[in-house]
$ cat protein-v4.cif   # mmCIF, C-alpha atoms
data_run
loop_
_atom_site.group_PDB
_atom_site.id
_atom_site.type_symbol
_atom_site.label_atom_id
_atom_site.label_comp_id
_atom_site.auth_asym_id
_atom_site.auth_seq_id
_atom_site.Cartn_x
_atom_site.Cartn_y
_atom_site.Cartn_z
ATOM 1 C CA MET A 11 -25.417 6.301 21.753
ATOM 2 C CA ILE A 12 -25.008 2.501 21.975
ATOM 3 C CA VAL A 13 -27.043 0.321 19.637
ATOM 4 C CA TYR A 14 -27.544 -3.250 20.877
ATOM 5 C CA THR A 15 -28.838 -5.051 17.804
ATOM 6 C CA LYS A 16 -26.090 -7.423 16.767
ATOM 7 C CA PRO A 17 -25.369 -6.200 13.216
ATOM 8 C CA ALA A 18 -25.224 -2.549 14.210
ATOM 9 C CA HIS A 19 -23.143 -3.344 17.266
ATOM 10 C CA ILE A 20 -20.645 -5.207 15.129
ATOM 11 C CA LEU A 21 -20.426 -2.255 12.780
ATOM 12 C CA LEU A 22 -19.820 0.134 15.643
ATOM 13 C CA LEU A 23 -17.079 -2.033 17.050
ATOM 14 C CA LEU A 24 -15.262 -2.463 13.786
ATOM 15 C CA THR A 25 -15.492 0.890 12.085
ATOM 16 C CA PHE A 26 -14.696 3.320 14.884
ATOM 17 C CA SER A 27 -11.412 3.369 16.738
ATOM 18 C CA SER A 28 -9.914 5.719 19.266
ATOM 19 C CA PHE A 29 -6.677 7.294 18.028
ATOM 20 C CA ALA A 30 -4.533 9.342 20.364
ATOM 21 C CA MET A 31 -3.685 12.668 18.822
ATOM 22 C CA GLY A 32 0.053 13.177 18.732
ATOM 23 C CA SER A 33 2.695 15.057 16.812
ATOM 24 C CA ASP A 34 3.852 14.242 13.303
ATOM 25 C CA PHE A 35 7.361 15.190 14.425
ATOM 26 C CA ALA A 36 9.898 14.049 17.020
ATOM 27 C CA THR A 37 8.975 15.535 20.396
ATOM 28 C CA GLU A 38 11.864 14.685 22.735
ATOM 29 C CA VAL A 39 15.649 14.436 22.731
ATOM 30 C CA VAL A 40 16.324 11.528 25.089
ATOM 31 C CA ALA A 41 20.117 11.388 24.680
ATOM 32 C CA PHE A 42 22.948 13.107 22.841
ATOM 33 C CA LYS A 43 26.713 13.047 22.584
ATOM 34 C CA GLU A 44 28.799 16.080 21.696
ATOM 35 C CA PRO A 45 30.631 17.737 20.009
ATOM 36 C CA PHE A 46 28.250 19.829 17.952
ATOM 37 C CA GLY A 47 28.894 22.862 15.789
ATOM 38 C CA SER A 48 29.387 26.376 17.117
ATOM 39 C CA SER A 49 26.324 28.517 17.909
ATOM 40 C CA PRO A 50 23.660 28.540 16.502
ATOM 41 C CA TYR A 51 24.336 24.913 15.488
ATOM 42 C CA ASP A 52 25.056 23.547 18.967
ATOM 43 C CA ASP A 53 21.606 22.776 20.394
ATOM 44 C CA PRO A 54 20.302 19.193 19.903
ATOM 45 C CA ASN A 55 16.779 20.383 20.703
ATOM 46 C CA SER A 56 16.822 22.263 17.387
ATOM 47 C CA VAL A 57 15.901 18.983 15.668
ATOM 48 C CA LEU A 58 12.507 18.732 17.406
ATOM 49 C CA GLY A 59 9.212 19.787 15.870
ATOM 50 C CA LYS A 60 8.457 20.862 12.329
ATOM 51 C CA PRO A 61 11.301 21.294 9.812
ATOM 52 C CA THR A 62 12.466 24.736 8.743
ATOM 53 C CA THR A 63 10.028 26.959 6.873
ATOM 54 C CA LYS A 64 11.555 30.462 7.098
ATOM 55 C CA ILE A 65 15.184 31.550 7.450
ATOM 56 C CA TYR A 66 16.477 34.950 8.576
ATOM 57 C CA ASP A 67 19.535 36.005 6.573
ATOM 58 C CA SER A 68 21.719 37.937 9.016
ATOM 59 C CA TRP A 69 23.776 39.339 6.123
ATOM 60 C CA SER A 70 21.004 40.811 3.990
ATOM 61 C CA PHE A 71 18.526 41.263 6.893
ATOM 62 C CA GLU A 72 15.883 39.525 4.779
ATOM 63 C CA THR A 73 13.702 36.474 5.295
ATOM 64 C CA TYR A 74 13.936 33.519 2.902
ATOM 65 C CA SER A 75 11.730 30.467 2.442
ATOM 66 C CA CYS A 76 13.522 27.148 2.891
ATOM 67 C CA SER A 77 13.771 25.674 -0.584
ATOM 68 C CA LEU A 78 15.600 23.334 -2.937
ATOM 69 C CA VAL A 79 18.187 26.053 -3.534
ATOM 70 C CA TYR A 80 18.242 27.815 -0.146
ATOM 71 C CA SER A 81 18.691 25.383 2.728
ATOM 72 C CA ALA A 82 18.204 25.716 6.476
ATOM 73 C CA TRP A 83 20.913 27.626 8.345
ATOM 74 C CA GLY A 84 21.238 30.204 11.119
ATOM 75 C CA THR A 85 17.929 31.057 12.776
ATOM 76 C CA ASP A 86 14.326 31.738 11.870
ATOM 77 C CA PRO A 87 12.920 35.312 11.952
ATOM 78 C CA ASN A 88 12.185 34.905 15.688
ATOM 79 C CA GLY A 89 15.759 33.919 16.512
ATOM 80 C CA ASN A 90 15.056 30.212 17.001
ATOM 81 C CA LYS A 91 17.895 27.837 16.085
ATOM 82 C CA LEU A 92 17.116 25.622 13.093
ATOM 83 C CA ILE A 93 19.665 22.841 12.617
ATOM 84 C CA THR A 94 22.299 20.954 14.621
ATOM 85 C CA ILE A 95 25.713 20.102 13.174
ATOM 86 C CA LEU A 96 27.200 16.795 14.301
ATOM 87 C CA GLY A 97 30.893 16.826 15.163
ATOM 88 C CA SER A 98 33.169 13.776 15.101
ATOM 89 C CA GLY A 99 31.568 11.042 17.218
ATOM 90 C CA ALA A 100 28.451 13.099 17.960
ATOM 91 C CA GLU A 101 24.951 11.627 18.019
ATOM 92 C CA ILE A 102 21.376 12.617 18.835
ATOM 93 C CA VAL A 103 18.586 10.270 19.915
ATOM 94 C CA VAL A 104 15.018 11.502 19.497
ATOM 95 C CA LYS A 105 11.678 10.002 20.476
ATOM 96 C CA PHE A 106 8.240 10.236 18.881
ATOM 97 C CA ASP A 107 5.220 10.479 21.179
ATOM 98 C CA HIS A 108 3.716 7.427 19.464
ATOM 99 C CA LYS A 109 4.802 4.246 17.714
ATOM 100 C CA VAL A 110 5.974 4.754 14.135
ATOM 101 C CA ALA A 111 4.581 1.756 12.282
ATOM 102 C CA ASP A 112 5.957 -0.230 9.384
ATOM 103 C CA ASP A 113 3.023 0.583 7.146
ATOM 104 C CA PRO A 114 2.962 -0.701 3.549
ATOM 105 C CA GLY A 115 -0.038 1.584 3.036
ATOM 106 C CA ASN A 116 2.157 4.660 3.418
ATOM 107 C CA PRO A 117 3.216 6.450 0.223
ATOM 108 C CA TYR A 118 5.943 4.280 -1.371
ATOM 109 C CA GLY A 119 6.006 2.197 1.828
ATOM 110 C CA ILE A 120 8.166 4.863 3.544
ATOM 111 C CA ASP A 121 7.696 5.013 7.328
ATOM 112 C CA PHE A 122 9.577 8.120 8.497
ATOM 113 C CA ILE A 123 11.559 11.035 7.074
ATOM 114 C CA VAL A 124 14.717 12.782 8.276
ATOM 115 C CA PHE A 125 15.330 16.378 7.172
ATOM 116 C CA GLY A 126 18.779 17.973 6.830
ATOM 117 C CA ASN A 127 20.061 21.061 5.036
ATOM 118 C CA THR A 128 21.094 19.746 1.634
ATOM 119 C CA PHE A 129 20.415 21.778 -1.490
ATOM 120 C CA PHE A 130 20.495 21.547 -5.277
ATOM 121 C CA GLU A 131 23.236 23.589 -6.884
ATOM 122 C CA SER A 132 21.858 26.324 -9.123
ATOM 123 C CA ASP A 133 22.892 28.775 -11.807
ATOM 124 C CA GLY A 134 23.372 31.990 -9.862
ATOM 125 C CA TRP A 135 22.604 33.455 -6.446
ATOM 126 C CA VAL A 136 19.232 33.208 -4.760
ATOM 127 C CA ALA A 137 17.528 36.367 -3.488
ATOM 128 C CA SER A 138 14.464 36.579 -1.265
ATOM 129 C CA ASP A 139 12.395 37.684 -4.300
ATOM 130 C CA THR A 140 13.854 35.280 -6.897
ATOM 131 C CA ASP A 141 11.248 34.012 -9.379
ATOM 132 C CA MET A 142 11.587 30.237 -9.031
ATOM 133 C CA ALA A 143 9.756 29.721 -12.341
ATOM 134 C CA LYS A 144 12.738 31.364 -14.058
ATOM 135 C CA PHE A 145 15.592 30.195 -11.838
ATOM 136 C CA LEU A 146 17.529 27.187 -13.150
ATOM 137 C CA LEU A 147 19.200 24.271 -11.459
ATOM 138 C CA LYS A 148 22.593 23.315 -12.816
ATOM 139 C CA ASN A 149 22.848 20.805 -15.639
ATOM 140 C CA PRO A 150 23.955 18.246 -14.653
ATOM 141 C CA THR A 151 22.393 18.828 -11.253
ATOM 142 C CA SER A 152 24.246 17.911 -8.080
ATOM 143 C CA VAL A 153 23.195 17.906 -4.418
ATOM 144 C CA ASN A 154 25.400 19.358 -1.704
ATOM 145 C CA VAL A 155 25.299 16.619 0.961
ATOM 146 C CA ASP A 156 26.916 15.460 4.226
ATOM 147 C CA PRO A 157 25.452 11.959 4.729
ATOM 148 C CA VAL A 158 24.448 10.948 8.270
ATOM 149 C CA MET A 159 23.945 7.395 9.564
ATOM 150 C CA VAL A 160 20.506 6.527 10.971
ATOM 151 C CA SER A 161 19.525 3.861 13.515
ATOM 152 C CA VAL A 162 16.118 2.981 14.973
ATOM 153 C CA SER A 163 14.888 1.360 18.159
ATOM 154 C CA GLN A 164 11.726 0.301 19.955
ATOM 155 C CA ASP A 165 13.029 0.918 23.476
ATOM 156 C CA GLY A 166 15.977 3.296 23.071
ATOM 157 C CA ASN A 167 18.452 0.562 24.038
ATOM 158 C CA LYS A 168 18.567 -2.046 21.284
ATOM 159 C CA TRP A 169 19.376 -0.457 17.928
ATOM 160 C CA CYS A 170 19.035 -1.423 14.278
ATOM 161 C CA THR A 171 21.177 0.572 11.839
ATOM 162 C CA TYR A 172 20.716 1.412 8.163
ATOM 163 C CA SER A 173 24.354 0.451 7.628
ATOM 164 C CA ASN A 174 24.109 0.551 3.830
ATOM 165 C CA GLY A 175 21.807 3.553 3.647
ATOM 166 C CA PRO A 176 19.712 5.421 3.000
ATOM 167 C CA TYR A 177 21.472 8.246 4.802
ATOM 168 C CA ALA A 178 20.027 11.395 6.340
ATOM 169 C CA ASN A 179 21.056 14.781 4.967
ATOM 170 C CA SER A 180 21.293 13.438 1.435
ATOM 171 C CA VAL A 181 18.395 13.461 -1.032
ATOM 172 C CA PHE A 182 15.931 15.096 -1.140
ATOM 173 C CA PRO A 183 16.499 18.766 -0.159
ATOM 174 C CA THR A 184 13.811 20.374 1.988
ATOM 175 C CA ASN A 185 11.302 22.553 0.156
ATOM 176 C CA ALA A 186 8.737 24.105 2.473
ATOM 177 C CA TYR A 187 6.323 25.711 0.004
ATOM 178 C CA ALA A 188 4.795 25.244 -3.425
ATOM 179 C CA TRP A 189 5.569 27.898 -6.040
ATOM 180 C CA ASP A 190 2.653 30.127 -7.049
ATOM 181 C CA ARG A 191 3.246 30.768 -10.752
ATOM 182 C CA VAL A 192 0.319 33.186 -11.006
ATOM 183 C CA ASN A 193 1.584 35.592 -8.349
ATOM 184 C CA ASN A 194 5.301 34.735 -8.712
ATOM 185 C CA CYS A 195 5.731 33.973 -5.020
ATOM 186 C CA TRP A 196 5.789 31.136 -2.528
ATOM 187 C CA GLY A 197 2.384 29.500 -2.055
ATOM 188 C CA GLU A 198 0.897 26.879 0.241
ATOM 189 C CA GLN A 199 3.006 24.800 2.593
ATOM 190 C CA LEU A 200 3.863 21.344 1.274
ATOM 191 C CA ASP A 201 3.337 18.046 3.114
ATOM 192 C CA TRP A 202 6.005 17.235 5.716
ATOM 193 C CA THR A 203 4.582 13.739 6.203
ATOM 194 C CA ARG A 204 4.716 12.724 2.553
ATOM 195 C CA PRO A 205 8.008 11.419 1.109
ATOM 196 C CA VAL A 206 9.367 12.128 -2.342
ATOM 197 C CA ASP A 207 9.072 9.157 -4.683
ATOM 198 C CA PRO A 208 12.265 7.182 -3.848
ATOM 199 C CA ASN A 209 12.525 6.177 -7.512
ATOM 200 C CA ARG A 210 13.384 9.777 -8.353
ATOM 201 C CA GLU A 211 17.048 10.351 -9.159
ATOM 202 C CA VAL A 212 19.149 13.489 -9.051
ATOM 203 C CA GLY A 213 19.401 13.329 -12.837
ATOM 204 C CA ASP A 214 15.625 13.833 -13.085
ATOM 205 C CA PHE A 215 16.196 17.431 -11.985
ATOM 206 C CA ASN A 216 18.931 18.311 -14.485
ATOM 207 C CA GLY A 217 18.589 21.873 -15.713
ATOM 208 C CA LEU A 218 14.996 22.312 -14.549
ATOM 209 C CA PHE A 219 13.521 25.557 -13.360
ATOM 210 C CA VAL A 220 13.124 25.330 -9.572
ATOM 211 C CA ALA A 221 9.332 25.546 -9.845
ATOM 212 C CA ASP A 222 9.307 22.530 -12.180
ATOM 213 C CA ALA A 223 11.663 20.640 -9.871
ATOM 214 C CA ILE A 224 9.268 21.293 -6.975
ATOM 215 C CA ASP A 225 6.480 19.742 -9.038
ATOM 216 C CA LEU A 226 8.507 16.510 -9.229
ATOM 217 C CA TYR A 227 8.233 16.282 -5.429
ATOM 218 C CA GLY A 228 4.545 15.418 -5.855
ATOM 219 C CA GLY A 229 3.367 17.552 -2.934
ATOM 220 C CA SER A 230 6.147 16.428 -0.585
ATOM 221 C CA ALA A 231 8.316 18.869 1.362
ATOM 222 C CA GLY A 232 11.365 16.657 0.764
ATOM 223 C CA GLY A 233 13.729 14.912 3.167
ATOM 224 C CA THR A 234 15.231 11.409 3.157
ATOM 225 C CA GLY A 235 12.674 8.613 3.489
ATOM 226 C CA PHE A 236 13.241 5.421 5.505
ATOM 227 C CA ASP A 237 11.305 2.166 5.245
ATOM 228 C CA LEU A 238 11.661 -0.216 8.206
ATOM 229 C CA ARG A 239 11.680 -3.096 5.731
ATOM 230 C CA GLU A 240 14.994 -1.760 4.379
ATOM 231 C CA LEU A 241 16.737 -2.760 7.603
ATOM 232 C CA ALA A 242 18.976 -5.828 7.526
ATOM 233 C CA PRO A 243 16.725 -8.940 7.475
ATOM 234 C CA ASN A 244 17.797 -10.090 10.958
ATOM 235 C CA ASP A 245 17.209 -6.626 12.421
ATOM 236 C CA TYR A 246 13.785 -6.348 10.829
ATOM 237 C CA ALA A 247 12.818 -9.828 12.013
ATOM 238 C CA ALA A 248 13.819 -8.907 15.578
ATOM 239 C CA LEU A 249 11.377 -5.986 15.779
ATOM 240 C CA ALA A 250 8.359 -6.788 17.940
ATOM 241 C CA ILE A 251 4.829 -6.511 16.557
ATOM 242 C CA ASP A 252 2.279 -4.169 18.080
ATOM 243 C CA PRO A 253 -0.674 -6.385 19.122
ATOM 244 C CA ASN A 254 -3.122 -3.540 18.460
ATOM 245 C CA THR A 255 -2.093 -2.948 14.845
ATOM 246 C CA GLY A 256 -0.338 -6.171 13.865
ATOM 247 C CA ARG A 257 2.587 -4.098 12.581
ATOM 248 C CA LYS A 258 6.251 -3.821 13.442
ATOM 249 C CA TRP A 259 7.213 -0.418 14.772
ATOM 250 C CA ILE A 260 9.887 1.854 16.245
ATOM 251 C CA GLN A 261 9.725 4.926 18.495
ATOM 252 C CA TYR A 262 13.335 6.147 18.708
ATOM 253 C CA VAL A 263 15.640 7.399 15.952
ATOM 254 C CA LYS A 264 19.380 8.059 16.306
ATOM 255 C CA VAL A 265 21.539 10.096 13.929
ATOM 256 C CA HIS A 266 25.301 9.546 14.139
ATOM 257 C CA GLY A 267 28.474 8.596 12.319
ATOM 258 C CA SER A 268 29.154 11.765 10.345
ATOM 259 C CA ALA A 269 31.403 14.707 11.179
ATOM 260 C CA GLY A 270 29.762 17.780 9.701
ATOM 261 C CA GLY A 271 26.339 16.238 9.105
ATOM 262 C CA LYS A 272 23.396 18.606 9.571
ATOM 263 C CA ILE A 273 20.034 17.582 11.029
ATOM 264 C CA ASP A 274 16.846 19.655 10.970
ATOM 265 C CA ALA A 275 13.890 17.434 11.942
ATOM 266 C CA PHE A 276 12.160 14.030 11.915
ATOM 267 C CA ALA A 277 8.631 13.234 10.666
ATOM 268 C CA ASP A 278 6.344 10.200 10.759
ATOM 269 C CA VAL A 279 4.876 9.482 7.326
ATOM 270 C CA ALA A 280 1.100 9.802 7.375
ATOM 271 C CA GLY A 281 -0.915 6.782 6.347
ATOM 272 C CA CYS A 282 -4.297 5.161 6.717
ATOM 273 C CA GLY A 283 -4.864 3.598 10.142
ATOM 274 C CA ASP A 284 -1.976 5.326 11.898
ATOM 275 C CA TYR A 285 -2.085 7.305 15.139
ATOM 276 C CA ARG A 286 -3.885 10.294 13.589
ATOM 277 C CA HIS A 287 -5.632 8.912 10.531
ATOM 278 C CA PRO A 288 -8.397 6.370 11.328
ATOM 279 C CA TYR A 289 -9.343 3.558 8.994
ATOM 280 C CA PRO A 290 -12.221 4.396 6.630
ATOM 281 C CA VAL A 291 -15.688 3.729 7.972
ATOM 282 C CA GLY A 292 -16.583 0.180 6.975
ATOM 283 C CA ASP A 293 -12.960 -1.011 6.696
ATOM 284 C CA ILE A 294 -13.467 -4.129 8.815
ATOM 285 C CA ASN A 295 -10.281 -5.969 7.814
ATOM 286 C CA LYS A 296 -8.177 -2.786 8.190
ATOM 287 C CA ASP A 297 -6.595 -2.843 4.745
ATOM 288 C CA CYS A 298 -7.472 0.835 4.147
ATOM 289 C CA LYS A 299 -10.107 -0.135 1.564
ATOM 290 C CA VAL A 300 -13.869 -0.606 1.831
ATOM 291 C CA ASN A 301 -14.951 -3.376 -0.510
ATOM 292 C CA MET A 302 -16.574 -6.802 -0.757
ATOM 293 C CA LYS A 303 -13.950 -8.335 1.535
ATOM 294 C CA ASP A 304 -15.300 -6.218 4.382
ATOM 295 C CA PHE A 305 -18.879 -7.140 3.487
ATOM 296 C CA ALA A 306 -17.942 -10.834 3.485
ATOM 297 C CA LEU A 307 -16.487 -10.523 7.002
ATOM 298 C CA LEU A 308 -19.583 -8.727 8.220
ATOM 299 C CA THR A 309 -21.846 -11.418 6.723
ATOM 300 C CA LYS A 310 -19.764 -14.223 8.236
ATOM 301 C CA HIS A 311 -20.155 -12.821 11.744
ATOM 302 C CA TRP A 312 -23.690 -11.504 11.351
ATOM 303 C CA LEU A 313 -25.322 -14.018 13.690
ATOM 304 C CA ASP A 314 -22.541 -15.032 16.054
ATOM 305 C CA CYS A 315 -21.176 -13.252 19.093
ATOM 306 C CA THR A 316 -17.490 -13.886 18.658
ATOM 307 C CA TRP A 317 -16.760 -10.185 18.244
ATOM 308 C CA ASP A 318 -17.537 -8.919 21.759
ATOM 309 C CA CYS A 319 -21.324 -8.919 21.564
ATOM 310 C CA PRO A 320 -23.096 -7.469 24.664
#

$ encode --input "protein-v4.cif" --output "structure tokens"
Amino acid sequence: MIVYTKPAHILLLLTFSSFAMGSDFATEVVAFKEPFGSSPYDDPNSVLGKPTTKIYDSWSFETYSCSLVYSAWGTDPNGNKLITILGSGAEIVVKFDHKVADDPGNPYGIDFIVFGNTFFESDGWVASDTDMAKFLLKNPTSVNVDPVMVSVSQDGNKWCTYSNGPYANSVFPTNAYAWDRVNNCWGEQLDWTRPVDPNREVGDFNGLFVADAIDLYGGSAGGTGFDLRELAPNDYAALAIDPNTGRKWIQYVKVHGSAGGKIDAFADVAGCGDYRHPYPVGDINKDCKVNMKDFALLTKHWLDCTWDCP
């Protein structure tokens, strides 16, 4: 229904937008360079879609949840490959089905996340039925890592590299589920599109029970977060601005520069006003808040037709 009185028409124009539904995760491998690891770590398409949730242990014939202390490897219970290992000189270029925006409204300003197969070292062996509320990380805690270089691009041709980090397959290890302390089992799936607070340090996890360490993730499923503003100043300045959002953006991510680095998946950080999460109703200035600033804009344009009046 279209309402033609000016105030209502202005409200309709400014508070409702059409957002194309897409995937939170990389959807296409557009280029790759071998060598990769031996099977099942040789397929670059393994890095597409959601990160690892369940792992089939071919030695014990049991299924494990991907966690801080049991990282992605092998296949899932259906035989699907989970991670790709980069050999010397190898690289993978993936594409999102939408523009990944530089969004200061995202949690901690992080724009996208890369997942690997790092893990926290622990005191003892993990079993499929280990009680994570009683299972300790080492003190001091260390992370088993194989850092991977990351570059980004708008068109898949001109690249900007995080030359001084952060690096993929470093902190923070993937943790797919919350720990249910009442039933002593894995609970709800955590948020793949929410980064861990980048101010967290490995030392924050020293000697914690795994369940307590998961709590420090703040609802995140882990991974290494990347902020486009952390690019070199000249690279960031060279990124074009999307005229529809007024934000710089990228759509391609390349992982490279590490022999032995493991890659699992890529995720766009969810934030207000992005491709799947519309601005709040009434947010006229698109700052993800509804307040007197929006009312002032509405009042200013109440009687004019500068905003596409019929």

$ atom_distance --input "protein-v4.cif" --atom1 "atom CA of Pro150 of chain A" --atom2 "atom CA of Val206 of chain A"
20.0 Å

$ closest_residue --input "protein-v4.cif" --among "A:Ala275, A:Leu96, A:Ala242, A:Ala186" --to "Val79 of chain A" --atoms "all atoms listed in the file"
A:Ala186

$ resolve_selection --input "protein-v4.cif" --expression "the PyMOL selection byres ((chain A and resi 58) around 8)" --output "ChimeraX atom specification"
/A:35-39,55-57,59-60,104,274-276

$ closest_residue --input "protein-v4.cif" --among "A:Val110, A:Ala269, A:Leu92, A:Ala178" --to "Thr63 of chain A" --atoms "all atoms listed in the file"
A:Leu92

$ residues_around --input "protein-v4.cif" --residues "Asp139 of chain A" --least-positions-apart "3" --cutoff "10 Å" --atoms "all atoms listed in the file" --output "tab-separated table (two decimals) with C-alpha atoms, in the frame of the given file"
chain	number	residue	atom	x	y	z
A	72	GLU	CA	15.88	39.52	4.78
A	73	THR	CA	13.70	36.47	5.30
A	74	TYR	CA	13.94	33.52	2.90
A	75	SER	CA	11.73	30.47	2.44
A	136	VAL	CA	19.23	33.21	-4.76
A	142	MET	CA	11.59	30.24	-9.03
A	194	ASN	CA	5.30	34.74	-8.71
A	195	CYS	CA	5.73	33.97	-5.02
A	196	TRP	CA	5.79	31.14	-2.53

$ closest_residue --input "protein-v4.cif" --among "A:Asp222, A:Asp107, A:Asp156, A:Asp112" --to "Leu249 of chain A" --atoms "only C-alpha atoms"
A:Asp112

$ resolve_selection --input "protein-v4.cif" --expression "the PyMOL selection byres ((chain A and resi 49) around 10)" --output "ChimeraX atom specification"
/A:46-48,50-53,84,91,94-95

$ atom_distance --input "protein-v4.cif" --atom1 "atom CA of Pro157 of chain A" --atom2 "atom CA of Val124 of chain A"
11.3 Å

$ resolve_selection --input "protein-v4.cif" --expression "the PyMOL selection byres ((chain A and resi 121) around 6)" --output "PyMOL selection string"
chain A and resi 112+120+122+236-237+279

$ residues_around --input "protein-v4.cif" --residues "segment 253-261 of chain A" --least-positions-apart "2" --cutoff "12 Å" --atoms "all atoms listed in the file" --output "PDB file with C-alpha atoms, in the coordinates of the input"
ATOM      1  CA  SER A  27     -11.412   3.369  16.738  1.00  0.00           C
ATOM      2  CA  SER A  28      -9.914   5.719  19.266  1.00  0.00           C
ATOM      3  CA  PHE A  29      -6.677   7.294  18.028  1.00  0.00           C
ATOM      4  CA  PHE A  35       7.361  15.190  14.425  1.00  0.00           C
ATOM      5  CA  ALA A  36       9.898  14.049  17.020  1.00  0.00           C
ATOM      6  CA  THR A  37       8.975  15.535  20.396  1.00  0.00           C
ATOM      7  CA  GLU A  38      11.864  14.685  22.735  1.00  0.00           C
ATOM      8  CA  VAL A  39      15.649  14.436  22.731  1.00  0.00           C
ATOM      9  CA  VAL A  40      16.324  11.528  25.089  1.00  0.00           C
ATOM     10  CA  VAL A 103      18.586  10.270  19.915  1.00  0.00           C
ATOM     11  CA  VAL A 104      15.018  11.502  19.497  1.00  0.00           C
ATOM     12  CA  LYS A 105      11.678  10.002  20.476  1.00  0.00           C
ATOM     13  CA  PHE A 106       8.240  10.236  18.881  1.00  0.00           C
ATOM     14  CA  ASP A 107       5.220  10.479  21.179  1.00  0.00           C
ATOM     15  CA  HIS A 108       3.716   7.427  19.464  1.00  0.00           C
ATOM     16  CA  LYS A 109       4.802   4.246  17.714  1.00  0.00           C
ATOM     17  CA  VAL A 110       5.974   4.754  14.135  1.00  0.00           C
ATOM     18  CA  ALA A 111       4.581   1.756  12.282  1.00  0.00           C
ATOM     19  CA  ASP A 112       5.957  -0.230   9.384  1.00  0.00           C
ATOM     20  CA  ASP A 113       3.023   0.583   7.146  1.00  0.00           C
ATOM     21  CA  PRO A 114       2.962  -0.701   3.549  1.00  0.00           C
ATOM     22  CA  GLY A 115      -0.038   1.584   3.036  1.00  0.00           C
ATOM     23  CA  ASP A 121       7.696   5.013   7.328  1.00  0.00           C
ATOM     24  CA  PHE A 122       9.577   8.120   8.497  1.00  0.00           C
ATOM     25  CA  SER A 161      19.525   3.861  13.515  1.00  0.00           C
ATOM     26  CA  VAL A 162      16.118   2.981  14.973  1.00  0.00           C
ATOM     27  CA  SER A 163      14.888   1.360  18.159  1.00  0.00           C
ATOM     28  CA  GLN A 164      11.726   0.301  19.955  1.00  0.00           C
ATOM     29  CA  ASP A 165      13.029   0.918  23.476  1.00  0.00           C
ATOM     30  CA  GLY A 166      15.977   3.296  23.071  1.00  0.00           C
ATOM     31  CA  ASN A 167      18.452   0.562  24.038  1.00  0.00           C
ATOM     32  CA  LYS A 168      18.567  -2.046  21.284  1.00  0.00           C
ATOM     33  CA  TRP A 169      19.376  -0.457  17.928  1.00  0.00           C
ATOM     34  CA  CYS A 170      19.035  -1.423  14.278  1.00  0.00           C
ATOM     35  CA  PHE A 236      13.241   5.421   5.505  1.00  0.00           C
ATOM     36  CA  ASP A 237      11.305   2.166   5.245  1.00  0.00           C
ATOM     37  CA  LEU A 238      11.661  -0.216   8.206  1.00  0.00           C
ATOM     38  CA  ARG A 239      11.680  -3.096   5.731  1.00  0.00           C
ATOM     39  CA  LEU A 241      16.737  -2.760   7.603  1.00  0.00           C
ATOM     40  CA  ASP A 245      17.209  -6.626  12.421  1.00  0.00           C
ATOM     41  CA  TYR A 246      13.785  -6.348  10.829  1.00  0.00           C
ATOM     42  CA  ALA A 247      12.818  -9.828  12.013  1.00  0.00           C
ATOM     43  CA  ALA A 248      13.819  -8.907  15.578  1.00  0.00           C
ATOM     44  CA  LEU A 249      11.377  -5.986  15.779  1.00  0.00           C
ATOM     45  CA  ALA A 250       8.359  -6.788  17.940  1.00  0.00           C
ATOM     46  CA  ILE A 251       4.829  -6.511  16.557  1.00  0.00           C
ATOM     47  CA  VAL A 263      15.640   7.399  15.952  1.00  0.00           C
ATOM     48  CA  LYS A 264      19.380   8.059  16.306  1.00  0.00           C
ATOM     49  CA  PHE A 276      12.160  14.030  11.915  1.00  0.00           C
ATOM     50  CA  ALA A 277       8.631  13.234  10.666  1.00  0.00           C
ATOM     51  CA  ASP A 278       6.344  10.200  10.759  1.00  0.00           C
ATOM     52  CA  CYS A 282      -4.297   5.161   6.717  1.00  0.00           C
ATOM     53  CA  GLY A 283      -4.864   3.598  10.142  1.00  0.00           C
ATOM     54  CA  ASP A 284      -1.976   5.326  11.898  1.00  0.00           C
ATOM     55  CA  TYR A 285      -2.085   7.305  15.139  1.00  0.00           C
ATOM     56  CA  PRO A 288      -8.397   6.370  11.328  1.00  0.00           C
ATOM     57  CA  TYR A 289      -9.343   3.558   8.994  1.00  0.00           C
ATOM     58  CA  ASN A 295     -10.281  -5.969   7.814  1.00  0.00           C
ATOM     59  CA  LYS A 296      -8.177  -2.786   8.190  1.00  0.00           C
ATOM     60  CA  ASP A 297      -6.595  -2.843   4.745  1.00  0.00           C
TER      61      ASP A 297
END

$ atom_distance --input "protein-v4.cif" --atom1 "atom CA of Ala82 of chain A" --atom2 "atom CA of Pro176 of chain A"
20.6 Å

$ residues_around --input "protein-v4.cif" --residues "Ser230 of chain A" --least-positions-apart "4" --cutoff "10 Å" --atoms "all atoms listed in the file" --output "list in words"
Phe182, Thr184, Asn185, Ala186, Tyr187, Ala188, Gln199, Leu200, Asp201, Trp202, Thr203, Arg204, Pro205, Val206, Asp207, Ile224, Asp225 and Leu226 of chain A

$ closest_residue --input "protein-v4.cif" --among "A:Asp67, A:Glu240, A:Asp86, A:Glu101" --to "Gly270 of chain A" --atoms "only C-alpha atoms"
A:Glu101

$ decode --input "protein-v4.cif" --residues "segment 73-83 of chain A" --atoms "C-alpha atoms" --output "short mmCIF file (atom, residue, chain, number, x, y, z; two decimals), in the first residue's frame"
data_model
loop_
_atom_site.label_atom_id
_atom_site.label_comp_id
_atom_site.auth_asym_id
_atom_site.auth_seq_id
_atom_site.Cartn_x
_atom_site.Cartn_y
_atom_site.Cartn_z
CA THR A 73 31.85 -37.83 16.31
CA TYR A 74 33.34 -34.76 18.02
CA SER A 75 32.18 -31.16 18.18
CA CYS A 76 34.69 -28.64 16.84
CA SER A 77 35.99 -26.82 19.88
CA LEU A 78 38.81 -24.82 21.45
CA VAL A 79 40.62 -28.07 22.19
CA TYR A 80 39.54 -30.24 19.24
CA SER A 81 40.07 -28.51 15.91
CA ALA A 82 38.80 -29.22 12.41
CA TRP A 83 40.47 -32.11 10.58
#
